[in-house]
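Shown next: coords.txt, given as compact mmCIF, C-alpha atoms and all ligand atoms.
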```txt
# COMPACT_ATOMS: atom_id res chain seq x y z
CA MET Z 1 95.60 111.81 61.15
CA GLY Z 2 94.72 109.92 57.99
CA LYS Z 3 96.87 107.97 55.62
CA GLY Z 4 99.30 110.00 53.58
CA ILE Z 5 100.59 109.63 50.08
CA VAL Z 6 104.29 110.21 49.89
CA ILE Z 7 105.93 110.53 46.52
CA VAL Z 8 109.31 108.92 46.77
CA GLY Z 9 111.93 110.01 44.27
CA ALA Z 10 109.70 111.82 41.77
CA GLY Z 11 112.08 111.22 38.92
CA VAL Z 12 110.33 112.05 35.63
CA ARG Z 13 113.08 112.63 33.17
CA SER Z 14 112.04 113.94 29.77
CA ARG Z 15 113.12 112.31 26.52
CA SER Z 16 114.60 115.58 25.34
CA ARG Z 17 116.71 115.86 28.46
CA ARG Z 18 117.89 112.35 27.94
CA ARG Z 19 118.64 113.13 24.32
CA ASN Z 20 120.50 116.22 25.36
CA ALA Z 21 122.40 114.13 27.78
CA GLY Z 22 123.74 112.20 24.82
CA SER Z 23 123.66 108.49 24.10
CA CYS Z 24 127.01 107.57 25.48
CA GLN Z 25 129.16 107.51 22.33
CA PRO Z 26 132.87 106.77 22.73
CA PRO Z 27 134.79 108.33 24.31
CA ALA Z 28 131.76 109.50 26.35
CA ALA Z 29 130.95 105.84 27.13
CA ALA Z 30 134.27 105.42 28.83
CA ILE Z 31 133.65 108.52 30.95
CA CYS Z 32 130.13 107.23 31.76
CA LEU Z 33 131.56 103.93 32.96
CA ILE Z 34 134.03 105.69 35.19
CA LEU Z 35 131.33 107.90 36.63
CA LEU Z 36 129.08 104.86 37.12
CA ALA Z 37 131.86 103.16 39.01
CA PHE Z 38 131.95 106.09 41.39
CA GLY Z 39 128.21 105.92 41.82
CA ILE Z 40 127.53 109.47 40.81
CA LEU Z 41 125.94 108.94 37.43
CA ALA Z 42 122.47 110.45 37.14
CA GLY Z 43 121.37 110.08 33.52
CA CYS Z 44 123.26 107.27 31.75
CA GLY Z 45 123.50 103.56 32.20
CA SER Z 46 120.24 101.76 31.42
CA GLY Z 47 121.24 100.91 27.87
CA ARG Z 48 117.66 101.74 26.73
CA PRO Z 49 117.80 105.32 25.54
CA ASP Z 50 114.01 105.67 25.04
CA GLN Z 51 113.03 104.54 28.51
CA VAL Z 52 110.98 107.04 30.50
CA ASP Z 53 111.12 106.80 34.26
CA VAL Z 54 107.72 106.95 35.96
CA PRO Z 55 107.23 108.62 39.33
CA THR Z 56 107.44 106.19 42.21
CA VAL Z 57 104.33 106.61 44.36
CA LYS Z 58 104.12 104.75 47.61
CA VAL Z 59 101.23 104.86 50.08
CA THR Z 60 102.63 105.01 53.58
CA GLU Z 61 101.38 105.62 57.11
CA PRO Z 62 102.75 108.90 58.42
CA ALA Z 63 105.41 108.15 60.98
CA LEU Z 64 104.09 108.43 64.53
CA PRO Z 65 106.19 110.35 67.00
CA PRO Z 66 108.46 107.98 68.94
CA THR Z 67 107.06 106.57 72.18
CA PRO Z 68 108.53 108.32 75.22
CA LEU Z 69 110.69 106.36 77.61
CA PHE Z 70 108.88 105.13 80.70
CA ASP Z 71 111.10 105.84 83.70
CA PRO Z 72 110.90 102.91 86.15
CA ASP Z 73 112.65 104.83 88.92
CA SER Z 74 110.04 107.55 88.71
CA ALA Z 75 107.25 104.94 88.85
CA TYR Z 76 108.97 103.27 91.81
CA ALA Z 77 109.16 106.62 93.63
CA PHE Z 78 105.42 107.11 93.01
CA VAL Z 79 104.72 103.72 94.61
CA ALA Z 80 106.96 104.54 97.58
CA ALA Z 81 105.27 107.92 98.01
CA GLN Z 82 101.85 106.26 98.33
CA VAL Z 83 103.13 103.72 100.84
CA ALA Z 84 104.72 106.55 102.85
CA PHE Z 85 101.27 108.08 103.41
CA GLY Z 86 100.27 104.88 105.21
CA PRO Z 87 97.59 102.35 104.23
CA ARG Z 88 95.06 104.10 101.94
CA VAL Z 89 91.98 102.79 103.67
CA PRO Z 90 88.85 104.80 102.80
CA GLY Z 91 87.76 107.01 105.66
CA THR Z 92 91.30 107.54 107.03
CA LYS Z 93 93.70 110.49 106.87
CA PRO Z 94 96.37 108.72 104.76
CA HIS Z 95 93.64 108.01 102.19
CA VAL Z 96 92.63 111.70 102.06
CA ASP Z 97 96.24 112.90 101.90
CA CYS Z 98 97.28 110.41 99.24
CA GLY Z 99 94.20 111.27 97.13
CA ASP Z 100 95.12 114.98 97.33
CA TRP Z 101 98.67 114.16 96.24
CA MET Z 102 97.43 112.07 93.29
CA VAL Z 103 95.15 114.91 92.15
CA ALA Z 104 98.07 117.34 92.36
CA ARG Z 105 100.30 114.97 90.36
CA LEU Z 106 97.70 114.54 87.62
CA LYS Z 107 97.16 118.30 87.39
CA GLY Z 108 100.91 118.87 87.35
CA SER Z 109 101.12 116.57 84.32
CA GLY Z 110 98.51 118.63 82.49
CA ALA Z 111 95.37 116.57 83.11
CA GLU Z 112 91.91 117.98 83.65
CA VAL Z 113 90.82 116.32 86.91
CA VAL Z 114 87.33 115.32 87.99
CA GLU Z 115 86.69 113.86 91.44
CA GLN Z 116 83.63 111.81 92.22
CA THR Z 117 82.67 111.66 95.84
CA GLY Z 118 79.88 109.75 97.48
CA SER Z 119 79.36 107.05 100.04
CA VAL Z 120 78.92 103.31 99.74
CA THR Z 121 77.81 100.44 101.98
CA THR Z 122 80.33 97.70 102.76
CA PHE Z 123 79.67 93.97 103.21
CA SER Z 124 79.49 94.48 106.98
CA GLY Z 125 76.86 97.19 106.61
CA GLY Z 126 79.14 100.16 107.36
CA ARG Z 127 79.23 103.31 105.27
CA LEU Z 128 82.44 104.46 103.63
CA PRO Z 129 83.34 107.62 101.74
CA LEU Z 130 84.12 107.08 98.08
CA ARG Z 131 86.48 109.17 95.97
CA ASN Z 132 87.09 108.20 92.35
CA ILE Z 133 89.71 110.37 90.66
CA ILE Z 134 89.75 110.88 86.89
CA GLY Z 135 92.54 112.67 85.02
CA SER Z 136 91.71 113.46 81.39
CA PHE Z 137 94.27 114.36 78.76
CA HIS Z 138 92.99 116.25 75.71
CA PRO Z 139 89.37 116.01 76.94
CA GLU Z 140 88.13 117.69 73.74
CA ARG Z 141 89.04 114.66 71.64
CA LYS Z 142 86.14 112.33 70.96
CA GLU Z 143 88.19 109.17 70.61
CA ARG Z 144 89.42 107.99 74.02
CA ILE Z 145 91.49 105.32 75.73
CA LEU Z 146 90.80 104.36 79.34
CA LEU Z 147 93.60 103.35 81.72
CA PHE Z 148 92.55 102.41 85.25
CA ALA Z 149 93.73 101.08 88.59
CA HIS Z 150 92.34 101.00 92.12
CA TRP Z 151 94.03 103.28 94.61
CA ASP Z 152 92.53 102.16 97.94
CA THR Z 153 94.20 99.41 99.96
CA ARG Z 154 92.82 96.41 101.84
CA PRO Z 155 91.76 97.36 105.41
CA PHE Z 156 92.91 94.01 106.83
CA ALA Z 157 95.42 91.25 106.16
CA ASP Z 158 93.00 88.36 105.90
CA LYS Z 159 95.51 86.11 104.12
CA ASP Z 160 98.22 86.62 106.74
CA ASP Z 161 98.87 84.54 109.85
CA GLU Z 162 99.62 87.58 111.97
CA ARG Z 163 98.01 90.95 112.63
CA THR Z 164 95.17 89.89 110.37
CA ASN Z 165 92.95 92.80 111.31
CA GLN Z 166 95.55 95.46 110.62
CA PRO Z 167 95.66 97.23 107.24
CA ILE Z 168 98.38 96.35 104.72
CA ASP Z 169 100.82 98.65 102.92
CA GLY Z 170 99.37 97.66 99.55
CA ALA Z 171 102.60 98.49 97.73
CA ASN Z 172 101.68 96.12 94.92
CA ASP Z 173 97.92 95.77 95.47
CA GLY Z 174 96.96 99.38 94.89
CA GLY Z 175 100.31 101.18 94.82
CA SER Z 176 101.85 99.64 91.69
CA GLY Z 177 99.00 100.37 89.27
CA VAL Z 178 98.77 103.98 90.46
CA GLY Z 179 102.56 104.41 90.33
CA ILE Z 180 102.74 103.20 86.72
CA LEU Z 181 99.79 105.32 85.62
CA LEU Z 182 101.20 108.46 87.28
CA GLU Z 183 104.46 107.89 85.38
CA ILE Z 184 102.55 107.36 82.11
CA ALA Z 185 100.58 110.54 82.91
CA ARG Z 186 103.83 112.56 82.89
CA HIS Z 187 104.05 111.95 79.11
CA LEU Z 188 100.45 112.21 77.98
CA ALA Z 189 100.16 115.97 77.55
CA GLN Z 190 102.78 115.62 74.78
CA LYS Z 191 100.66 113.14 72.86
CA GLU Z 192 99.68 115.33 69.91
CA HIS Z 193 98.20 112.52 67.83
CA GLY Z 194 95.31 110.11 68.15
CA PRO Z 195 92.84 109.56 70.98
CA GLY Z 196 92.78 111.41 74.28
CA VAL Z 197 93.49 109.35 77.38
CA ASP Z 198 91.54 109.09 80.64
CA ILE Z 199 93.23 107.79 83.75
CA LEU Z 200 90.69 106.52 86.25
CA PHE Z 201 91.73 105.78 89.82
CA THR Z 202 88.94 103.72 91.35
CA ASP Z 203 88.26 103.75 95.08
CA VAL Z 204 86.91 101.07 97.45
CA GLU Z 205 87.90 98.18 95.22
CA ASP Z 206 89.55 96.18 97.97
CA HIS Z 207 87.00 96.30 100.80
CA GLY Z 208 85.28 93.06 99.76
CA GLN Z 209 84.13 90.18 101.85
CA PRO Z 210 86.99 87.76 102.54
CA SER Z 211 86.86 84.72 100.26
CA GLY Z 212 89.14 82.50 98.18
CA ALA Z 213 91.74 83.98 95.87
CA MET Z 214 89.60 83.65 92.76
CA GLY Z 215 85.98 84.69 92.98
CA MET Z 216 83.91 82.42 90.80
CA ASP Z 217 80.25 83.20 91.02
CA GLU Z 218 78.55 86.09 89.38
CA HIS Z 219 77.51 87.83 92.60
CA SER Z 220 80.79 87.55 94.41
CA ILE Z 221 81.78 90.91 92.93
CA ASP Z 222 78.97 92.65 94.84
CA THR Z 223 81.06 93.62 97.87
CA TRP Z 224 84.21 94.44 95.82
CA CYS Z 225 84.93 97.06 93.17
CA LEU Z 226 82.49 99.57 94.70
CA GLY Z 227 84.20 102.58 93.10
CA SER Z 228 84.15 101.17 89.58
CA GLN Z 229 80.56 100.00 90.05
CA TYR Z 230 79.69 103.57 91.03
CA TRP Z 231 81.61 105.06 88.09
CA VAL Z 232 79.98 102.87 85.41
CA LYS Z 233 76.57 104.04 86.65
CA ASN Z 234 77.74 107.67 86.88
CA PRO Z 235 80.55 108.14 84.36
CA HIS Z 236 82.35 111.49 84.71
CA VAL Z 237 81.17 112.33 81.15
CA PRO Z 238 77.60 111.41 80.09
CA ASN Z 239 77.54 108.48 77.63
CA TYR Z 240 81.26 107.95 78.19
CA LYS Z 241 82.84 105.70 75.58
CA ALA Z 242 86.42 104.63 74.96
CA ARG Z 243 88.03 102.55 72.23
CA PHE Z 244 89.30 100.15 74.89
CA GLY Z 245 90.33 99.97 78.53
CA ILE Z 246 93.37 98.56 80.32
CA LEU Z 247 93.18 97.84 84.05
CA LEU Z 248 96.44 97.50 85.99
CA ASP Z 249 96.28 95.44 89.18
CA MET Z 250 99.33 94.06 90.98
CA VAL Z 251 101.80 95.03 88.30
CA GLY Z 252 105.01 95.68 90.21
CA ALA Z 253 106.16 92.53 92.02
CA ARG Z 254 109.60 91.04 91.43
CA ASP Z 255 109.56 88.32 88.71
CA ALA Z 256 105.81 88.75 88.19
CA LYS Z 257 104.32 87.03 85.17
CA PHE Z 258 101.23 88.13 83.32
CA TYR Z 259 99.02 85.52 81.73
CA GLN Z 260 96.00 86.31 79.61
CA GLU Z 261 93.12 86.52 82.06
CA ALA Z 262 90.07 84.51 80.94
CA LEU Z 263 87.38 87.19 81.26
CA SER Z 264 89.56 89.69 79.43
CA MET Z 265 89.87 87.08 76.67
CA GLN Z 266 86.11 86.71 76.64
CA TYR Z 267 85.29 90.44 76.56
CA ALA Z 268 88.26 91.94 74.74
CA PRO Z 269 90.40 89.29 72.99
CA ALA Z 270 91.74 91.77 70.41
CA ILE Z 271 93.02 94.08 73.15
CA VAL Z 272 94.65 91.19 75.00
CA ARG Z 273 96.44 90.19 71.78
CA LYS Z 274 97.48 93.76 71.05
CA VAL Z 275 99.02 94.21 74.51
CA TRP Z 276 100.80 90.83 74.62
CA LYS Z 277 102.11 91.27 71.05
CA THR Z 278 103.43 94.71 71.94
CA ALA Z 279 105.14 93.35 75.05
CA GLU Z 280 106.78 90.62 73.00
CA ALA Z 281 108.00 93.12 70.40
CA LEU Z 282 109.55 95.21 73.17
CA GLY Z 283 111.40 92.17 74.54
CA TYR Z 284 109.12 91.45 77.50
CA GLY Z 285 107.80 88.13 76.18
CA ASP Z 286 109.18 86.33 79.24
CA ARG Z 287 106.82 88.37 81.49
CA PHE Z 288 103.77 88.50 79.21
CA VAL Z 289 102.99 84.84 78.63
CA GLN Z 290 100.64 84.17 75.73
CA GLU Z 291 98.55 81.63 77.59
CA THR Z 292 95.21 81.84 79.37
CA LYS Z 293 95.76 80.35 82.79
CA TYR Z 294 93.21 81.84 85.09
CA PHE Z 295 89.94 83.58 85.63
CA VAL Z 296 90.04 86.50 88.02
CA GLY Z 297 86.27 86.66 88.36
CA ILE Z 298 86.31 89.86 90.38
CA ASP Z 299 87.99 93.06 89.30
CA ASP Z 300 87.24 96.56 88.06
CA HIS Z 301 87.26 95.56 84.37
CA ILE Z 302 84.07 93.49 84.84
CA PRO Z 303 81.62 96.39 85.41
CA VAL Z 304 83.36 98.41 82.67
CA ASN Z 305 82.84 95.58 80.17
CA LYS Z 306 79.35 94.67 81.35
CA THR Z 307 77.75 98.06 81.86
CA LEU Z 308 79.64 100.47 79.60
CA ARG Z 309 80.60 97.80 77.04
CA ILE Z 310 84.08 99.22 76.70
CA PRO Z 311 86.30 96.26 75.75
CA SER Z 312 88.62 96.17 78.74
CA ILE Z 313 91.35 93.87 79.95
CA ASP Z 314 92.85 93.14 83.33
CA LEU Z 315 96.63 93.16 83.42
CA ILE Z 316 97.15 91.28 86.67
CA GLU Z 317 99.83 89.02 88.08
CA TYR Z 318 99.24 85.30 88.21
CA ASP Z 319 101.57 82.95 90.02
CA PRO Z 320 101.44 79.40 88.65
CA ALA Z 321 103.02 78.12 91.89
CA THR Z 322 100.12 79.28 94.07
CA GLN Z 323 97.57 79.20 91.21
CA ALA Z 324 96.55 82.63 92.42
CA PHE Z 325 98.19 85.99 92.93
CA GLY Z 326 101.61 86.34 94.52
CA PRO Z 327 102.12 84.91 98.04
CA TYR Z 328 102.23 88.47 99.43
CA TRP Z 329 98.57 89.01 98.41
CA HIS Z 330 96.44 90.48 101.22
CA THR Z 331 99.26 89.96 103.71
CA HIS Z 332 101.72 92.32 105.39
CA ASP Z 333 104.35 91.15 102.90
CA ASP Z 334 102.73 93.39 100.31
CA ASN Z 335 105.25 96.12 101.05
CA MET Z 336 108.01 97.95 99.14
CA GLU Z 337 110.23 94.85 99.32
CA VAL Z 338 108.13 93.07 96.71
CA ILE Z 339 108.31 95.98 94.24
CA ASP Z 340 110.86 95.75 91.44
CA PRO Z 341 111.49 98.56 88.93
CA VAL Z 342 112.20 95.89 86.28
CA THR Z 343 108.57 94.73 86.45
CA LEU Z 344 107.29 98.33 86.54
CA LYS Z 345 109.29 99.03 83.37
CA ALA Z 346 107.99 95.95 81.49
CA VAL Z 347 104.38 96.85 82.23
CA GLY Z 348 104.71 100.63 81.99
CA GLN Z 349 106.63 100.70 78.70
CA THR Z 350 104.24 98.17 77.16
CA VAL Z 351 101.13 100.15 78.11
CA LEU Z 352 102.70 103.44 77.01
CA GLU Z 353 103.64 101.86 73.65
CA VAL Z 354 100.11 100.54 73.14
CA VAL Z 355 98.67 103.98 73.88
CA TRP Z 356 101.20 105.80 71.65
CA LYS Z 357 100.56 103.52 68.69
CA GLU Z 358 96.84 104.38 68.65
CA ASN Z 359 96.09 106.95 66.03
C1 LIG G 1 89.47 88.67 94.22
O1 LIG G 1 89.63 87.78 93.45
C2 LIG G 1 88.83 88.48 95.51
N1 LIG G 1 89.85 89.88 93.96
C3 LIG G 1 90.49 90.25 92.73
C4 LIG G 1 90.52 91.68 92.70
C5 LIG G 1 91.53 92.23 93.58
C6 LIG G 1 91.59 92.25 94.92
N2 LIG G 1 92.56 92.81 93.15
C7 LIG G 1 93.25 93.22 94.14
N3 LIG G 1 92.71 92.89 95.25
ZN ZN G 2 93.41 93.33 96.98
```
Take the structure from the file and write it as structure tokens.
Amino acid sequence: MGKGIVIVGAGVRSRSRRRNAGSCQPPAAAICLILLAFGILAGCGSGRPDQVDVPTVKVTEPALPPTPLFDPDSAYAFVAAQVAFGPRVPGTKPHVDCGDWMVARLKGSGAEVVEQTGSVTTFSGGRLPLRNIIGSFHPERKERILLFAHWDTRPFADKDDERTNQPIDGANDGGSGVGILLEIARHLAQKEHGPGVDILFTDVEDHGQPSGAMGMDEHSIDTWCLGSQYWVKNPHVPNYKARFGILLDMVGARDAKFYQEALSMQYAPAIVRKVWKTAEALGYGDRFVQETKYFVGIDDHIPVNKTLRIPSIDLIEYDPATQAFGPYWHTHDDNMEVIDPVTLKAVGQTVLEVVWKEN
């Protein structure tokens, strides 16, 4: 949709009509005054009988349809449903079943779904199946927005003190991003205006070699983000391009705060500003803090920025107390107890608003 010209109050009144209307002689003047007092006078009152009104022309943006309401309880139920399948570790039955359910949900919301399957080598030399899932809304539109989140969960609890080699629930790390995007997906078929939207669920993000919380060197990403690294080399559409990308990672924990991640600021500062400004306007300024505090180093937005050059940001929790992610990160505490619909709402409504305002 382009800009529109709206003529507001096209009030050209001819001289002859004004003459015919009279020039307010007494006792007509008295009647005019009374009518004026009641606010229903159309033709008298300026005191300049020869004045000609010109049409008032105002250039306006056409009003965009209102942004739908993001339902936090629905998003919460989508997180719980994933957790109920069990840990979504690639190569396991819960992973297959949850992937099937996600595909069905996307299709049920009107998306055209593409699945990418393959196999990848992990840091320990094992092979793992890979399944990236892409749901496209209005795939015929050339202009696109990319929303993405990883859907696999960590196969061990390397940051825990107990049961460190057992897989975690990944309610927040994995589940929350998918839950929010599945709720956003429920509204996207009704988006009649502007760009089409692609939702990309990346696989095998969280199978990386155990390290510190913040990966710092350029190669430390090599064993992580295997699904997104595969997708950027083999996008589901040749020469895939999007206006911008938003990655959601750990977006559902109680009291979570979102600072402006340093690599997102480097690659896509305008998108960071757009998202944080939108959050503030919606009243979520306490959660979206307009400060750059950290550098995630490793996450799915890096290959998307580097290889496809789609300006993409990482919307990811940062906890100033631990100077890392939340204390539940890569432990068995990453379960439904950390998930809060209030956080899901702040993130989900903000992202939906950003998407809806694109024309
Ligand atoms: C590290 O910094 C090792 N990983 C950030 C990406 C990640 C892992 N997100 C969730 N789990
Ligand atoms: Zn993780």
_Selected residue, from Z:Ala77, Z:Ile271, Z:Ile145, Z:Val204, that lies nearest to ligand ZN 2 (chain G) when counting only C-alpha atoms and all ligand atoms_ = Z:Val204
*Between Z:Glu291, Z:Glu61, Z:Asp334, Z:Asp206, which is the closest to ligand ZN 2 (chain G) once you count only C-alpha atoms and all ligand atoms?*
Z:Asp206
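Pairwise distance (CA of Glu162 (chain Z), CA of Gly91 (chain Z)) equals 23.6 Å.
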Any residue with an atom at most 9 Å from ligand LIG 1 (chain G) counts, using only C-alpha atoms and all ligand atoms. Which are they? Put them as a PDB file with C-alpha atoms, in the frame of the given file.
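Result file is part.pdb:
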```
ATOM      1  CA  HIS Z 150      92.340 101.000  92.120  1.00  0.00           C
ATOM      2  CA  THR Z 153      94.200  99.410  99.960  1.00  0.00           C
ATOM      3  CA  ARG Z 154      92.820  96.410 101.840  1.00  0.00           C
ATOM      4  CA  ASN Z 172     101.680  96.120  94.920  1.00  0.00           C
ATOM      5  CA  ASP Z 173      97.920  95.770  95.470  1.00  0.00           C
ATOM      6  CA  GLY Z 174      96.960  99.380  94.890  1.00  0.00           C
ATOM      7  CA  GLU Z 205      87.900  98.180  95.220  1.00  0.00           C
ATOM      8  CA  ASP Z 206      89.550  96.180  97.970  1.00  0.00           C
ATOM      9  CA  HIS Z 207      87.000  96.300 100.800  1.00  0.00           C
ATOM     10  CA  GLY Z 208      85.280  93.060  99.760  1.00  0.00           C
ATOM     11  CA  GLN Z 209      84.130  90.180 101.850  1.00  0.00           C
ATOM     12  CA  PRO Z 210      86.990  87.760 102.540  1.00  0.00           C
ATOM     13  CA  SER Z 211      86.860  84.720 100.260  1.00  0.00           C
ATOM     14  CA  GLY Z 212      89.140  82.500  98.180  1.00  0.00           C
ATOM     15  CA  ALA Z 213      91.740  83.980  95.870  1.00  0.00           C
ATOM     16  CA  MET Z 214      89.600  83.650  92.760  1.00  0.00           C
ATOM     17  CA  GLY Z 215      85.980  84.690  92.980  1.00  0.00           C
ATOM     18  CA  MET Z 216      83.910  82.420  90.800  1.00  0.00           C
ATOM     19  CA  SER Z 220      80.790  87.550  94.410  1.00  0.00           C
ATOM     20  CA  ILE Z 221      81.780  90.910  92.930  1.00  0.00           C
ATOM     21  CA  TRP Z 224      84.210  94.440  95.820  1.00  0.00           C
ATOM     22  CA  CYS Z 225      84.930  97.060  93.170  1.00  0.00           C
ATOM     23  CA  ASP Z 249      96.280  95.440  89.180  1.00  0.00           C
ATOM     24  CA  MET Z 250      99.330  94.060  90.980  1.00  0.00           C
ATOM     25  CA  PHE Z 295      89.940  83.580  85.630  1.00  0.00           C
ATOM     26  CA  VAL Z 296      90.040  86.500  88.020  1.00  0.00           C
ATOM     27  CA  GLY Z 297      86.270  86.660  88.360  1.00  0.00           C
ATOM     28  CA  ILE Z 298      86.310  89.860  90.380  1.00  0.00           C
ATOM     29  CA  ASP Z 299      87.990  93.060  89.300  1.00  0.00           C
ATOM     30  CA  ASP Z 300      87.240  96.560  88.060  1.00  0.00           C
ATOM     31  CA  ILE Z 316      97.150  91.280  86.670  1.00  0.00           C
ATOM     32  CA  ALA Z 324      96.550  82.630  92.420  1.00  0.00           C
ATOM     33  CA  PHE Z 325      98.190  85.990  92.930  1.00  0.00           C
ATOM     34  CA  TRP Z 329      98.570  89.010  98.410  1.00  0.00           C
ATOM     35  CA  HIS Z 330      96.440  90.480 101.220  1.00  0.00           C
TER      36      HIS Z 330
END
```
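Closest approach to Gly170 (chain Z) from the set Z:Leu352, Z:Ala242, Z:Ala81, Z:Ala75 is made by Z:Ala81, with distances taken over only C-alpha atoms.
Rounded to one decimal, CA of Lys277 (chain Z) and CA of Val354 (chain Z) lie 9.7 Å from each other.
Interatomic distance, CA of Ala346 (chain Z) to CA of Glu317 (chain Z): 12.6 Å.
Nearest to Gln229 (chain Z) of all the residues Z:Leu130, Z:Val54, Z:Val197, Z:Leu106 is Z:Leu130, based on only C-alpha atoms.
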*Return the single residue from Z:Ile134, Z:Val347, Z:Val304, Z:Ala262 that is closest to Lys107 (chain Z), with distances computed using only C-alpha atoms.*
Z:Ile134
*Excluding Leu128 (chain Z) and any residue of its chain fewer than 4 positions from it, enumerate the residues within 10 Å of it, using all atoms listed in the file, and give them as a list of chain:residue names.*
Z:Val89, Z:Pro90, Z:Gly91, Z:Thr92, Z:Gly118, Z:Ser119, Z:Val120, Z:Thr121, Z:Thr122, Z:Val204, Z:His207
Should you be able to, write region 73-85 of chain Z of this structure into a file that contains N, CA, C and O atoms, as a PDB file, in the first residue's frame.
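Written file, selection27.pdb:
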```pdb
ATOM      1  N   ASP Z  73      -1.808 -16.783  27.384  1.00  0.00           N
ATOM      2  CA  ASP Z  73      -2.190 -18.116  27.877  1.00  0.00           C
ATOM      3  C   ASP Z  73      -2.056 -19.152  26.767  1.00  0.00           C
ATOM      4  O   ASP Z  73      -1.687 -20.305  27.009  1.00  0.00           O
ATOM      5  N   SER Z  74      -2.359 -18.735  25.554  1.00  0.00           N
ATOM      6  CA  SER Z  74      -2.184 -19.627  24.412  1.00  0.00           C
ATOM      7  C   SER Z  74      -0.692 -19.923  24.206  1.00  0.00           C
ATOM      8  O   SER Z  74      -0.294 -21.090  24.030  1.00  0.00           O
ATOM      9  N   ALA Z  75       0.144 -18.881  24.289  1.00  0.00           N
ATOM     10  CA  ALA Z  75       1.592 -19.095  24.139  1.00  0.00           C
ATOM     11  C   ALA Z  75       2.107 -20.018  25.244  1.00  0.00           C
ATOM     12  O   ALA Z  75       2.916 -20.924  24.991  1.00  0.00           O
ATOM     13  N   TYR Z  76       1.624 -19.804  26.453  1.00  0.00           N
ATOM     14  CA  TYR Z  76       2.045 -20.633  27.597  1.00  0.00           C
ATOM     15  C   TYR Z  76       1.667 -22.099  27.346  1.00  0.00           C
ATOM     16  O   TYR Z  76       2.467 -23.015  27.590  1.00  0.00           O
ATOM     17  N   ALA Z  77       0.456 -22.307  26.834  1.00  0.00           N
ATOM     18  CA  ALA Z  77       0.010 -23.681  26.542  1.00  0.00           C
ATOM     19  C   ALA Z  77       0.891 -24.314  25.458  1.00  0.00           C
ATOM     20  O   ALA Z  77       1.157 -25.526  25.496  1.00  0.00           O
ATOM     21  N   PHE Z  78       1.352 -23.512  24.508  1.00  0.00           N
ATOM     22  CA  PHE Z  78       2.244 -24.040  23.461  1.00  0.00           C
ATOM     23  C   PHE Z  78       3.615 -24.431  24.041  1.00  0.00           C
ATOM     24  O   PHE Z  78       4.244 -25.370  23.574  1.00  0.00           O
ATOM     25  N   VAL Z  79       4.070 -23.689  25.046  1.00  0.00           N
ATOM     26  CA  VAL Z  79       5.334 -24.063  25.701  1.00  0.00           C
ATOM     27  C   VAL Z  79       5.124 -25.370  26.470  1.00  0.00           C
ATOM     28  O   VAL Z  79       5.920 -26.319  26.364  1.00  0.00           O
ATOM     29  N   ALA Z  80       4.026 -25.426  27.233  1.00  0.00           N
ATOM     30  CA  ALA Z  80       3.740 -26.625  28.035  1.00  0.00           C
ATOM     31  C   ALA Z  80       3.585 -27.859  27.145  1.00  0.00           C
ATOM     32  O   ALA Z  80       4.033 -28.961  27.508  1.00  0.00           O
ATOM     33  N   ALA Z  81       2.969 -27.680  25.990  1.00  0.00           N
ATOM     34  CA  ALA Z  81       2.764 -28.811  25.080  1.00  0.00           C
ATOM     35  C   ALA Z  81       4.114 -29.372  24.605  1.00  0.00           C
ATOM     36  O   ALA Z  81       4.295 -30.599  24.532  1.00  0.00           O
ATOM     37  N   GLN Z  82       5.057 -28.494  24.325  1.00  0.00           N
ATOM     38  CA  GLN Z  82       6.391 -28.974  23.904  1.00  0.00           C
ATOM     39  C   GLN Z  82       7.062 -29.747  25.028  1.00  0.00           C
ATOM     40  O   GLN Z  82       7.629 -30.824  24.811  1.00  0.00           O
ATOM     41  N   VAL Z  83       7.010 -29.162  26.231  1.00  0.00           N
ATOM     42  CA  VAL Z  83       7.662 -29.811  27.376  1.00  0.00           C
ATOM     43  C   VAL Z  83       7.029 -31.181  27.632  1.00  0.00           C
ATOM     44  O   VAL Z  83       7.729 -32.146  27.970  1.00  0.00           O
ATOM     45  N   ALA Z  84       5.724 -31.272  27.418  1.00  0.00           N
ATOM     46  CA  ALA Z  84       5.014 -32.538  27.660  1.00  0.00           C
ATOM     47  C   ALA Z  84       5.479 -33.654  26.718  1.00  0.00           C
ATOM     48  O   ALA Z  84       5.351 -34.840  27.051  1.00  0.00           O
ATOM     49  N   PHE Z  85       6.015 -33.292  25.560  1.00  0.00           N
ATOM     50  CA  PHE Z  85       6.557 -34.343  24.673  1.00  0.00           C
ATOM     51  C   PHE Z  85       7.809 -34.987  25.274  1.00  0.00           C
ATOM     52  O   PHE Z  85       8.172 -36.092  24.918  1.00  0.00           O
TER      53      PHE Z  85
END
```
